[in-house]
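Have a look at work-v8.csv below; it lists CSV, C-alpha atoms.
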```
chain,number,residue,atom,x,y,z
A,233,MET,CA,-2.4,22.6,163.8
A,234,GLN,CA,-3.1,25.5,161.4
A,235,GLY,CA,0.0,24.6,159.4
A,236,PHE,CA,-1.3,21.1,159.0
A,237,ILE,CA,-4.6,22.5,157.7
A,238,TYR,CA,-2.8,24.6,155.1
A,239,LEU,CA,-0.8,21.6,154.0
A,240,VAL,CA,-3.8,19.4,153.6
A,241,SER,CA,-5.7,22.2,151.8
A,242,ALA,CA,-2.9,22.6,149.3
A,243,TYR,CA,-2.7,18.9,148.6
A,244,ALA,CA,-6.4,18.5,148.4
A,245,ILE,CA,-6.8,21.4,145.9
A,246,VAL,CA,-4.0,19.9,143.7
A,247,TRP,CA,-5.6,16.4,143.8
A,248,VAL,CA,-9.2,17.5,143.3
A,249,GLY,CA,-8.1,19.9,140.5
A,250,LEU,CA,-6.1,17.2,138.7
A,251,PHE,CA,-8.7,14.5,139.0
A,252,ALA,CA,-11.5,16.9,137.9
A,253,TYR,CA,-9.4,17.9,134.9
A,254,LEU,CA,-8.7,14.2,134.1
A,255,ALA,CA,-12.5,13.5,134.3
A,256,VAL,CA,-13.2,16.4,132.0
A,257,ILE,CA,-10.6,15.1,129.5
A,258,MET,CA,-12.1,11.6,129.5
A,259,MET,CA,-15.6,13.0,129.0
A,260,ARG,CA,-14.4,15.2,126.1
A,261,ILE,CA,-12.6,12.2,124.5
A,262,ARG,CA,-15.8,10.1,124.8
A,263,GLY,CA,-17.9,12.9,123.3
A,264,VAL,CA,-15.6,13.4,120.3
A,265,ARG,CA,-15.4,9.6,119.8
A,266,THR,CA,-19.2,9.5,119.6
A,267,GLU,CA,-19.3,12.5,117.3
A,268,LEU,CA,-16.6,10.9,115.1
A,269,ALA,CA,-18.5,7.6,114.9
A,270,ALA,CA,-21.7,9.4,113.9
A,271,VAL,CA,-20.0,11.6,111.2
A,272,GLN,CA,-18.2,8.5,109.8
A,273,GLU,CA,-21.5,6.8,109.6
A,274,LEU,CA,-23.0,9.8,107.7
A,275,VAL,CA,-20.0,9.8,105.3
A,276,ARG,CA,-20.4,6.0,104.7
A,277,GLU,CA,-24.1,6.5,103.9
A,278,GLN,CA,-23.2,9.4,101.6
A,279,GLN,CA,-20.6,7.3,99.8
A,280,GLU,CA,-23.0,4.4,99.4
A,281,LYS,CA,-25.7,6.6,97.9
A,282,PRO,CA,-24.4,6.9,94.3
A,283,THR,CA,-23.8,3.2,93.9
A,284,THR,CA,-27.4,2.2,95.0
A,285,SER,CA,-29.2,4.8,92.9
B,259,MET,CA,8.2,15.1,118.9
B,260,ALA,CA,7.6,11.3,118.9
B,261,LEU,CA,3.9,12.0,118.7
B,262,ALA,CA,4.2,14.2,115.7
B,263,ASN,CA,6.5,11.7,114.0
B,264,ARG,CA,4.3,8.8,114.6
B,265,ASP,CA,1.3,10.6,113.3
B,266,THR,CA,3.1,11.5,110.1
B,267,GLN,CA,2.4,8.0,108.8
B,268,THR,CA,-1.3,8.0,109.6
B,269,LYS,CA,-2.1,11.6,108.6
B,270,HIS,CA,-3.3,10.8,105.1
B,271,ARG,CA,-5.2,7.8,106.2
B,272,ASP,CA,-6.9,9.8,108.9
B,273,THR,CA,-7.9,12.6,106.6
B,274,ARG,CA,-9.6,10.2,104.3
B,275,MET,CA,-12.9,9.1,105.6
B,276,GLY,CA,-15.2,6.4,106.5
B,277,THR,CA,-12.9,3.4,107.1
B,278,PRO,CA,-13.5,1.5,110.3
B,279,GLY,CA,-9.8,1.3,110.9
B,280,GLN,CA,-9.6,5.1,111.0
B,281,HIS,CA,-11.6,5.2,114.2
B,282,LYS,CA,-9.2,2.7,115.7
B,283,ASN,CA,-6.3,5.1,114.9
B,284,THR,CA,-7.8,7.7,117.1
B,285,ARG,CA,-7.6,5.5,120.1
B,286,PRO,CA,-4.9,6.5,122.6
B,287,PRO,CA,-1.6,4.7,122.0
B,288,ILE,CA,-0.1,2.1,124.4
B,289,ALA,CA,2.3,4.8,125.5
B,290,SER,CA,-0.5,6.5,127.4
B,291,LEU,CA,-1.1,3.3,129.5
B,292,ALA,CA,2.6,3.0,130.2
B,293,LEU,CA,2.8,6.7,131.2
B,294,LEU,CA,-0.3,6.4,133.4
B,295,THR,CA,1.2,3.4,135.2
B,296,LEU,CA,4.6,5.1,135.7
B,297,THR,CA,2.8,8.3,136.9
B,298,PHE,CA,0.8,6.3,139.5
B,299,ILE,CA,3.9,4.5,140.8
B,300,GLY,CA,5.7,7.8,141.0
B,301,MET,CA,2.9,9.6,142.7
B,302,MET,CA,2.6,6.9,145.4
B,303,THR,CA,6.3,7.0,145.9
B,304,SER,CA,6.3,10.9,146.1
B,305,ILE,CA,3.4,10.9,148.6
B,306,PHE,CA,5.2,8.3,150.8
B,307,MET,CA,8.5,10.3,150.7
B,308,ILE,CA,6.8,13.7,151.3
B,309,PHE,CA,4.8,12.6,154.3
B,310,LEU,CA,6.9,9.8,155.8
B,311,TYR,CA,10.5,10.0,154.6
B,312,VAL,CA,11.6,13.6,154.3
B,313,PRO,CA,12.4,15.4,157.6
B,314,THR,CA,10.2,18.3,158.8
B,315,ASP,CA,11.8,21.7,158.1
B,316,ALA,CA,13.1,23.2,161.4
B,317,ILE,CA,12.0,26.8,160.6
B,318,GLU,CA,8.8,26.5,158.5
B,319,GLY,CA,7.5,23.2,160.0
B,320,ILE,CA,4.9,21.0,158.4
B,321,PRO,CA,3.6,23.5,155.7
B,322,GLN,CA,7.1,23.5,154.1
B,323,ARG,CA,6.0,20.1,152.6
B,324,ILE,CA,3.9,22.0,150.1
B,325,PHE,CA,7.2,22.8,148.4
B,326,TYR,CA,7.5,19.2,147.1
B,327,PHE,CA,4.3,19.7,145.0
B,328,HIS,CA,4.5,23.4,144.4
B,329,VAL,CA,7.9,23.4,142.7
B,330,PRO,CA,7.2,20.5,140.3
B,331,ILE,CA,3.8,22.0,139.4
B,332,ALA,CA,5.4,25.4,138.7
B,333,TRP,CA,8.1,23.7,136.7
B,334,ILE,CA,5.5,22.0,134.5
B,335,GLY,CA,3.7,25.4,134.1
B,336,MET,CA,6.9,26.8,132.6
B,337,LEU,CA,8.0,23.7,130.7
B,338,ALA,CA,4.5,23.6,129.1
B,339,PHE,CA,4.9,27.1,127.8
B,340,GLY,CA,8.4,26.3,126.4
B,341,VAL,CA,6.8,23.3,124.6
B,342,LEU,CA,4.0,25.6,123.4
B,343,ALA,CA,6.5,28.1,122.0
B,344,VAL,CA,8.6,25.4,120.2
B,345,ALA,CA,5.4,23.8,118.7
B,346,SER,CA,4.3,27.3,117.6
B,347,ILE,CA,7.7,27.9,115.9
B,348,GLY,CA,7.3,24.4,114.3
B,349,TYR,CA,3.8,25.4,113.0
B,350,LEU,CA,4.9,28.7,111.5
B,351,TRP,CA,7.8,27.0,109.9
B,352,LYS,CA,6.3,23.8,108.6
B,353,LYS,CA,2.6,24.9,108.4
B,354,ASP,CA,1.7,21.4,109.7
B,355,GLU,CA,-1.4,21.1,111.7
B,356,ARG,CA,0.1,18.5,114.1
B,357,TRP,CA,2.4,21.2,115.5
B,358,ASP,CA,-0.7,23.2,116.3
B,359,TRP,CA,-2.3,20.2,118.1
B,360,LEU,CA,0.8,19.9,120.2
B,361,ALA,CA,0.8,23.7,120.9
B,362,ARG,CA,-2.9,23.6,121.9
B,363,ALA,CA,-2.4,20.5,124.1
B,364,SER,CA,0.6,22.1,125.9
B,365,ALA,CA,-1.3,25.4,126.4
B,366,GLU,CA,-4.3,23.6,128.0
B,367,VAL,CA,-2.2,21.5,130.3
B,368,GLY,CA,0.1,24.4,131.2
B,369,THR,CA,-2.9,26.6,132.1
B,370,ILE,CA,-4.0,24.0,134.7
B,371,PHE,CA,-0.5,23.6,136.1
B,372,ILE,CA,0.3,27.3,136.4
B,373,THR,CA,-3.1,27.9,138.1
B,374,LEU,CA,-2.3,25.2,140.6
B,375,ALA,CA,1.2,26.6,141.1
B,376,LEU,CA,-0.3,30.0,141.9
B,377,ILE,CA,-2.8,28.5,144.4
B,378,THR,CA,-0.3,26.3,146.2
B,379,GLY,CA,2.2,29.1,146.3
B,380,SER,CA,-0.4,31.4,147.8
B,381,ILE,CA,-1.2,28.9,150.5
B,382,TRP,CA,2.5,28.4,151.2
B,383,GLY,CA,3.0,32.2,151.3
B,384,ARG,CA,0.2,32.5,153.8
B,385,THR,CA,2.0,30.1,156.2
B,386,THR,CA,5.5,31.6,155.8
B,387,TRP,CA,4.9,35.3,154.9
B,388,GLY,CA,1.6,35.7,156.6
B,389,THR,CA,-0.1,36.9,153.4
B,390,TRP,CA,-1.9,35.2,150.6
B,391,TRP,CA,-0.4,37.4,147.9
B,392,THR,CA,2.3,40.0,147.6
B,393,TRP,CA,3.5,41.9,144.5
B,394,ASP,CA,6.9,40.1,144.6
B,395,ALA,CA,8.8,39.7,141.4
B,396,ARG,CA,8.5,35.9,141.1
B,397,LEU,CA,4.8,36.0,141.9
B,398,THR,CA,4.1,38.9,139.6
B,399,THR,CA,5.9,37.4,136.6
B,400,THR,CA,4.2,34.1,137.2
B,401,LEU,CA,0.8,35.9,137.3
B,402,ILE,CA,1.8,37.5,134.0
B,403,LEU,CA,2.4,34.0,132.5
B,404,TRP,CA,-1.0,32.9,133.8
B,405,PHE,CA,-2.6,35.9,131.9
B,406,ILE,CA,-0.7,35.0,128.8
B,407,TYR,CA,-1.9,31.4,129.0
B,408,ILE,CA,-5.5,32.6,129.5
B,409,GLY,CA,-5.1,35.0,126.7
B,410,TYR,CA,-3.9,32.2,124.4
B,411,MET,CA,-6.7,29.9,125.4
B,412,MET,CA,-9.3,32.7,124.8
B,413,LEU,CA,-7.8,33.7,121.5
B,414,ARG,CA,-7.8,30.1,120.3
B,415,GLY,CA,-11.3,29.5,121.6
B,416,TYR,CA,-12.7,32.6,120.0
B,417,MET,CA,-11.0,32.2,116.6
B,418,GLY,CA,-11.8,28.5,116.3
B,419,ARG,CA,-9.8,25.8,114.5
B,420,THR,CA,-8.6,27.9,111.6
B,421,PRO,CA,-5.1,28.6,110.1
B,422,ALA,CA,-5.5,32.3,111.2
B,423,SER,CA,-6.2,31.1,114.7
B,424,ALA,CA,-3.1,28.9,114.7
B,425,ARG,CA,-0.9,31.7,113.3
B,426,SER,CA,-2.2,34.3,115.8
B,427,GLY,CA,-1.7,31.8,118.7
B,428,ALA,CA,1.8,30.9,117.5
B,429,VAL,CA,2.8,34.6,117.5
B,430,LEU,CA,1.3,35.1,121.0
B,431,ALA,CA,3.2,32.1,122.3
B,432,ILE,CA,6.5,33.1,120.8
B,433,VAL,CA,6.2,36.6,122.3
B,434,GLY,CA,4.9,35.2,125.6
B,435,VAL,CA,7.7,32.7,126.1
B,436,ILE,CA,10.0,35.7,127.0
B,437,ASP,CA,8.3,35.7,130.4
B,438,VAL,CA,9.6,32.2,131.2
B,439,PRO,CA,13.3,33.0,131.7
B,440,ILE,CA,12.2,36.2,133.4
B,441,ILE,CA,10.3,34.1,136.0
B,442,TYR,CA,13.3,31.9,136.5
B,443,GLU,CA,15.8,34.7,136.9
B,444,SER,CA,13.4,37.1,138.8
B,445,VAL,CA,14.8,35.9,142.2
B,446,ASN,CA,18.3,36.8,141.1
B,447,TRP,CA,17.5,40.1,139.3
B,448,TRP,CA,15.2,41.6,141.9
B,449,ARG,CA,15.1,41.6,145.7
B,450,THR,CA,12.3,39.2,146.5
B,451,LEU,CA,10.6,37.3,149.3
B,452,HIS,CA,10.5,34.1,147.2
B,453,PRO,CA,13.2,31.6,148.1
B,454,GLN,CA,16.1,31.3,145.5
B,455,ALA,CA,16.8,28.1,143.7
B,456,GLU,CA,18.9,26.0,146.1
B,457,VAL,CA,18.9,22.7,144.2
B,458,GLY,CA,22.4,22.1,142.8
B,459,THR,CA,24.1,24.3,145.4
B,460,PRO,CA,26.3,21.9,147.5
B,461,GLY,CA,25.1,21.7,151.1
B,462,ALA,CA,22.1,24.0,150.7
B,463,LEU,CA,19.5,21.3,151.1
B,464,PRO,CA,19.7,17.9,152.8
B,465,PRO,CA,20.0,14.9,150.5
B,466,GLU,CA,16.5,13.6,151.5
B,467,VAL,CA,14.9,16.9,150.4
B,468,VAL,CA,16.7,16.8,147.1
B,469,LEU,CA,15.8,13.2,146.4
B,470,THR,CA,12.2,13.7,147.3
B,471,LEU,CA,12.0,16.8,145.1
B,472,MET,CA,13.7,15.0,142.2
B,473,ILE,CA,11.2,12.1,142.4
B,474,SER,CA,8.3,14.5,142.5
B,475,LEU,CA,9.7,16.5,139.5
B,476,VAL,CA,10.0,13.3,137.5
B,477,THR,CA,6.5,12.2,138.5
B,478,PHE,CA,4.9,15.5,137.5
B,479,THR,CA,6.8,15.4,134.2
B,480,LEU,CA,5.4,12.0,133.5
B,481,LEU,CA,1.9,13.3,134.4
B,482,TYR,CA,2.4,16.2,132.0
B,483,SER,CA,3.4,13.7,129.3
B,484,PHE,CA,0.4,11.5,129.9
B,485,LEU,CA,-2.0,14.5,129.8
B,486,MET,CA,-0.3,15.7,126.6
B,487,VAL,CA,-0.9,12.4,124.9
B,488,GLN,CA,-4.6,12.6,125.9
B,489,ILE,CA,-5.1,16.1,124.7
B,490,TYR,CA,-3.1,15.6,121.5
B,491,GLN,CA,-5.3,12.6,120.7
B,492,LEU,CA,-8.4,14.8,121.4
B,493,GLN,CA,-7.1,17.5,119.1
B,494,LYS,CA,-6.5,14.9,116.4
B,495,MET,CA,-10.0,13.5,116.7
B,496,GLN,CA,-11.6,17.0,116.8
B,497,ALA,CA,-9.7,18.0,113.6
B,498,LEU,CA,-10.8,14.8,111.9
B,499,ALA,CA,-14.4,15.3,112.9
B,500,GLN,CA,-14.3,18.9,111.7
B,501,GLN,CA,-12.9,17.7,108.4
B,502,LEU,CA,-15.5,15.0,108.0
B,503,HIS,CA,-18.2,17.5,108.7
B,504,ALA,CA,-16.8,19.9,106.1
B,505,ASP,CA,-16.6,17.0,103.5
B,506,ILE,CA,-20.3,16.2,104.1
B,507,GLU,CA,-21.3,19.8,103.7
```
Represent the structure from my file as structure tokens, please.
Amino acid sequence: MQGFIYLVSAYAIVWVGLFAYLAVIMMRIRGVRTELAAVQELVREQQEKPTTS
Amino acid sequence: MALANRDTQTKHRDTRMGTPGQHKNTRPPIASLALLTLTFIGMMTSIFMIFLYVPTDAIEGIPQRIFYFHVPIAWIGMLAFGVLAVASIGYLWKKDERWDWLARASAEVGTIFITLALITGSIWGRTTWGTWWTWDARLTTTLILWFIYIGYMMLRGYMGRTPASARSGAVLAIVGVIDVPIIYESVNWWRTLHPQAEVGTPGALPPEVVLTLMISLVTFTLLYSFLMVQIYQLQKMQALAQQLHADIE
């Protein structure tokens, strides 16, 4: 029985660890995408400024 | 190197700014979806084989099944460091930032895998040796690799995204990769508790065990590839965002 607990613990740690890491990656990608969109918008505004003035 | 090659064509477009298409280029490629699907199928197959197909070990019993995850995870931990070292050599040679993205991606994924290898190994050790940890050659050299990974991540995190950081990291990776063959050969060079590599030795392992291990190895390699694509894309977007910020300022 104790052997079974060790087996389940090992697999649970691997799965929880990998899923947590995957979730962190997805959040980081989403964060960088948002940041990138905001910076691109700023750049676009900056590029448009000389033509309008 | 397919990633690096594909990005060669988009590099100049990416470093220019403000085009709507550019944001689209930072989206993960279709390859990542294919890799995720293959990983999922492989993982389901592995789990089925580990728990229902492969026979229970006569000596170690049920906990021996940790082996089918522990070995592939440790393999990825070492493979990732090999990729990190190759990418570091590529960076020092070509001075191309894409090699550095590859190196950083491999270091990050490798750190996760080597940590999981140490944890699963420790649990397996508790069931077979009766202790969570022993200063065995294989375990100690793997712990050294973990410290090298952590050192690399700390160095890169501290120095930021600069050429000096990339160079320093590359040197650390090239020196650190020496530990990988030492880990592999440690069971042959020193008297250890850790089992020796028996895959490839005729009759050492039942065919069901070898087949299950091979499928698990392929699955984890696919998972590593999938994670690499994600982190590489992340590195690429972070570099682009940093460049755009610098251009604005």
Would you kindly report the residues of chain B within 8 Å of chain A, using all atoms listed in the file, as a compact mmCIF listing (two decimals) with C-alpha atoms, in the coordinates of the input?
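Everything below was put into iface.txt:
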```
# COMPACT_ATOMS: atom_id res chain seq x y z
CA MET B 275 -12.90 9.10 105.60
CA GLY B 276 -15.20 6.40 106.50
CA THR B 277 -12.90 3.40 107.10
CA HIS B 281 -11.60 5.20 114.20
CA GLY B 319 7.50 23.20 160.00
CA ILE B 320 4.90 21.00 158.40
CA PRO B 321 3.60 23.50 155.70
CA ARG B 323 6.00 20.10 152.60
CA ILE B 324 3.90 22.00 150.10
CA PHE B 327 4.30 19.70 145.00
CA LEU B 374 -2.30 25.20 140.60
CA ILE B 377 -2.80 28.50 144.40
CA THR B 378 -0.30 26.30 146.20
CA ILE B 381 -1.20 28.90 150.50
CA TRP B 382 2.50 28.40 151.20
CA THR B 385 2.00 30.10 156.20
CA LEU B 485 -2.00 14.50 129.80
CA GLN B 488 -4.60 12.60 125.90
CA ILE B 489 -5.10 16.10 124.70
CA LEU B 492 -8.40 14.80 121.40
CA MET B 495 -10.00 13.50 116.70
CA GLN B 496 -11.60 17.00 116.80
CA LEU B 498 -10.80 14.80 111.90
CA ALA B 499 -14.40 15.30 112.90
CA LEU B 502 -15.50 15.00 108.00
CA HIS B 503 -18.20 17.50 108.70
CA ILE B 506 -20.30 16.20 104.10
```
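Distances here use only C-alpha atoms; by that measure, the residue among B:His328, B:Val467, B:Ile308, B:Ile370 closest to A:Phe251 is B:Ile370.
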Computed interatomic separation between atom CA of B:Phe298 and atom CA of A:Val256 (Å): 18.8 Å
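For the pair atom CA of B:Asp354 and atom CA of B:Phe478, the separation is 28.6 Å.
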Protein/DNA/RNA residues near (2.7, 32.9, 119.6), cut 12 Å, only C-alpha atoms, as a VMD selection string: chain B and resid 339 to 350 358 361 to 362 365 406 to 407 409 to 411 413 to 414 422 to 436
Non-local contacts of stretch 441-453 of chain B (6 Å; only C-alpha atoms; under 4 positions in same chain excluded) as an MDAnalysis selection string: chainID B and resid 394:396 399
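A straight line drawn from atom CA of B:Pro330 to atom CA of B:Trp357 is 25.3 Å long.
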